Amino acid sequence: MTALLSIERVKARYGPVEALRGVSLTVDEGEIVALIGANGAGKSTLLMTICGAPKAAEGRIVYAGQDITGTDLHDMVKLGIAQSPEGRRIFPRMTVLENLQMGAYLGDERNLSGDLERMFALFPRLAERKYQRAGTMSGGEQQMLAIGRALMSRPRLLLLDEPSLGLAPLLVAQIFATIREINRAQGVTVLLVEQNAYHALRLANRGYVLVNGEIRMSGTGQSLLDDPDIRKAYLAGGHG
Amino acid sequence: MPFPQALREALMAAFVALMLAIPLIGFRLADTMQGLAIETRFDWVAWGVSAVFVGRLVLGLLRGRGRPLGLAIKMPALPPNASTMFALVLGVFALVLPFTPLGDRYTVELAITVLIYVMLGWGLNIVVGLAGLLDLGYVAFYAVGAYSYALFAINFGWSFWLCLPIAGVLAAMFGVMLGFPVLRLRGDYLAIVTLGFGEMIRVILLNWKEFSGGSAGLTSIPRPSFFGFPFTANPEPGQTAFHELFGLEFSPLQRIIFLYYLIFALALLTNFFTLRMRKLPIGRAWEALREDEIACRALGINPTNVKLSAFALGAMFGGFAGAFFATRQGFISPESFNFIESAVILAIVVLGGMGSQLGVVIAAAFLILIPELLRDFSQYRMIMFGFAMVLIMLWRPQGLVAHREPSIRLGAKA
């Protein structure tokens with residue numbers, strides 16, 4: 001299998017602070033890959049570096065055989081990479097429908113109504129709240145909207161930053177089930193950054209563990225879940 | 001609030017008032033036989049400071065501890081289509097105004113002025129209200145439109161209808177020219193640069209005498225004709241005047257009524273254009289950009305292009321309004337395009353509730369009519385204007401019409 005996305009020895013800095021110290025990982029077409037790690041390990045930085053902000057100081061990012069290191073964030077969607085950014089970042093004063101339409105900004109107008117129907121089938125809660133202002137919805141609904149909005153551009157690769165952040169456990173399970181469905185039914189490759197290691201590793205085909213800006217461990221989701229070190233470091237708090 | 005605390009606050013307020021009042025009220029320049037002299041008016045200062053002290057004390061005693069003033073008015077819940085109904089009534093009123101008993105020359109002239117500001121407000125609303133870019137130099141585009149019409153009409157004899165689109169295109173081009181270098185700036189920085197740009201245009205017009213006539217301005221700008229039929233009592237040979245065409249008695253009011261309907265149509269064009277844009281992806285992108293620029297970029301929206309389009313389109317309507325202004329006045333000079341104009345237009349947008357089309361109309365009427373009605377107290381005009389602004393900020397800090405209409409409603413097709 002060929003890698004859809006491969007990150008090769010990427011370094012990134014915030015001023016003098018080295019946030020990524022030579023990270024390499026690959027995501028194959030059709031996979032779900034989880035990147036787990038503690039707060040401040042550099043998970044979000046890695047996702048943002050893939051999208052070109054901050055730009056990688058060293059190393060290469062290759063997507064579908066094309067070097068995309070340093071490509072601007074707003075050119076990613078054209079390449080087929082969609083992301084649901086950290087903190088959801090939905091448009092609070094706009095309605096759910098308008099938010100979804102924004103996701104299809106670059107898309108073909110003719111696909112719009114079909115894609116909207118698909119999103120509403122995937123997230124029935126959003127269909128109920130179509131004309132509601134997005135900012136007045138619950139955190140879980142906003143998360144669904146953020147994912148749905150990213151999917152509206154018909155991506156090949158979906159980057160998700162902490163989709164479970166601040167959600168009740170029941171909703172977390174629901175969101176992860178939906179991510180699996182997006183991957184299986186729609187064939188979207190997913191790279192997922194999560195603090196909720198248990199759910200993320202159960203969902204993912206493969207996982208990477210990031211510690212202090214370096215990949216410490218990698219393997220299939222199940223093998224990482226069974227690893228005693230990982231259990232101790234990331235799953236000690238139960239199944240959160 | 002207990003008395004000692006209220007007293008302390010009142011003393012504090014009185015002290016601030018004293019510091020401000022000594023230079024502002026305490027001294028004045030007077031023209032005497034020996035030239036200019038400084039007069040003092042410390043009794044005025046004493047009165048003012050005492051008024052502040054007593055007012056603040058009473059306010060402090062009436063107010064509960066730590067509670068806000070509680071002045072903000074909550075608008076009563078209106079039926080969902082109330083604003084549409086109100087807009088319709090307003091529109092019909094505007095349509096028939098010249099033919100009602102109200103429609104004398106003074107009223108129609110005043111209504112034209114209000115409509116110019118409504119149009120400018122709607123144009124700036126695209127930039128500030130929808131795209132969220134603080135533009136303090138909008139009057140520059142108004143000036144570009146006015147001068148381009150005046151120069152083309154005077155030098156080449158081109159008609160209003162030919163010059164109108166040219167004025168719009170030129171203003172839009174200036175919008176792009178300004179936009180390119182500055183749109184990577186945000187918030188305050190953008191505001192400062194646009195402020196500078198507005199002043200630059202005015203200063204160039206003031207000093208480039210060969211081109212713009214300098215401070216003397218441009219005079220005898222051709223008046224508009226009714227599609228080729230002039231509004232004159234005695235048309236030149238071979239021309240048919242407007243009143244002859246329709247077999248009417250000549251009246252100077254006819255031209256004013258024509259101008260009124262012209263600006264009415266231009267303003268409506270701006271409104272319908274904006275309403276239409278809001279339903280298109282680019283218009284929605286303006287609003288999305290105002291809410292969250294990073295999210296927009298993550299969705300593949302190039303913020304620079306989207307901002308530029310808002311800037312250019314806003315500028316275009318400013319240019320249209322400028323061309324109209326020039327043909328209506330028949331005379332323009334850089335004096336008409338100073339910073340105060342930009343500030344008034346911006347105040348209209350902010351007061352109207354940032355992005356609300358109806359709010360702009362109400363705010364424009366308010367801001368233009370209030371000074372007009374207070375003509376008799378012209379000495380105190382600015383004070384009353386300021387007082388009214390303070391009251392609005394206390395009562396309706398979010399603007400008169402703060403509700404954002406979704407671009408698609410229940411029952412409409414997606």
# chains A, B, ... in the order shown; residues from 1 in each chain; ligands from 1
>>> interface_residues(of="chain A", to="chain B", cutoff="8 Å", atoms="only C-alpha atoms", output="list of chain:residue names")
A:Leu73, A:His74, A:Asp75, A:Met76, A:Val77, A:Lys78, A:Ala82, A:Gln83, A:Ser84, A:Pro85, A:Arg89, A:Ile90, A:Phe91, A:Pro92, A:Arg93, A:Met94, A:Thr95, A:Glu98, A:Gln101, A:Met102, A:Gly103, A:Ala104, A:Tyr105, A:Leu106, A:Ser113, A:Tyr131, A:Ala150, A:Ser153
>>> residues_around(residues="range 34-44 of chain A", least_positions_apart="4", cutoff="9 Å", atoms="only C-alpha atoms", output="JSON, numbers by chain")
{"A": [19, 20, 48, 49, 86, 161, 162, 190, 191, 192, 193, 194, 195, 196, 197, 200, 201, 203, 204, 205, 206, 207, 208, 209, 210, 211, 212, 213, 214, 221, 233, 234]}
>>> select_by_dssp(residues="range 185-364 of chain B", states="strand (DSSP E or B)", output="NGL selection string")
:B and (218 or 226 or 229 or 332)
>>> write_last_selection(atoms="all heavy atoms", output="short mmCIF file (atom, residue, chain, number, x, y, z; two decimals), in the first residue's frame")
data_model
loop_
_atom_site.label_atom_id
_atom_site.label_comp_id
_atom_site.auth_asym_id
_atom_site.auth_seq_id
_atom_site.Cartn_x
_atom_site.Cartn_y
_atom_site.Cartn_z
N LEU B 218 -14.23 72.19 -8.12
CA LEU B 218 -14.70 72.18 -9.50
C LEU B 218 -16.10 72.76 -9.53
O LEU B 218 -16.96 72.35 -8.75
CB LEU B 218 -14.72 70.75 -10.04
CG LEU B 218 -13.36 70.06 -10.16
CD1 LEU B 218 -13.54 68.58 -10.43
CD2 LEU B 218 -12.54 70.71 -11.25
N PHE B 226 -33.05 64.29 -17.93
CA PHE B 226 -33.95 63.15 -17.91
C PHE B 226 -33.72 62.35 -19.19
O PHE B 226 -34.36 62.58 -20.20
CB PHE B 226 -35.41 63.62 -17.80
CG PHE B 226 -36.38 62.48 -17.64
CD1 PHE B 226 -36.54 61.86 -16.42
CD2 PHE B 226 -37.13 62.04 -18.72
CE1 PHE B 226 -37.43 60.81 -16.28
CE2 PHE B 226 -38.01 60.98 -18.57
CZ PHE B 226 -38.16 60.37 -17.36
N PHE B 229 -33.26 64.75 -21.88
CA PHE B 229 -34.15 65.92 -21.86
C PHE B 229 -33.83 66.76 -20.64
O PHE B 229 -34.06 66.33 -19.51
CB PHE B 229 -35.62 65.48 -21.83
CG PHE B 229 -36.00 64.59 -22.97
CD1 PHE B 229 -36.06 63.22 -22.80
CD2 PHE B 229 -36.27 65.13 -24.22
CE1 PHE B 229 -36.40 62.39 -23.86
CE2 PHE B 229 -36.61 64.30 -25.29
CZ PHE B 229 -36.67 62.93 -25.11
N ILE B 332 -18.04 70.75 -6.37
CA ILE B 332 -17.40 69.94 -5.33
C ILE B 332 -16.03 70.52 -5.00
O ILE B 332 -15.39 71.13 -5.85
CB ILE B 332 -17.21 68.46 -5.75
CG1 ILE B 332 -16.55 68.37 -7.11
CG2 ILE B 332 -18.51 67.71 -5.71
CD1 ILE B 332 -16.16 66.96 -7.50
#
>>> residues_around(residues="Phe160 in chain B", least_positions_apart="6", cutoff="10 Å", atoms="only C-alpha atoms", output="list in words")
Tyr149, Ala150, Phe152, Ala153, Ile166, Ala167, Pro222, Arg223, Pro224, Ser225, Phe227, Gly228, Ala323, Phe324 and Thr327 of chain B
>>> select_by_dssp(residues="range 120-266 of chain B", states="alpha helix (DSSP H)", output="count of residues only")
89
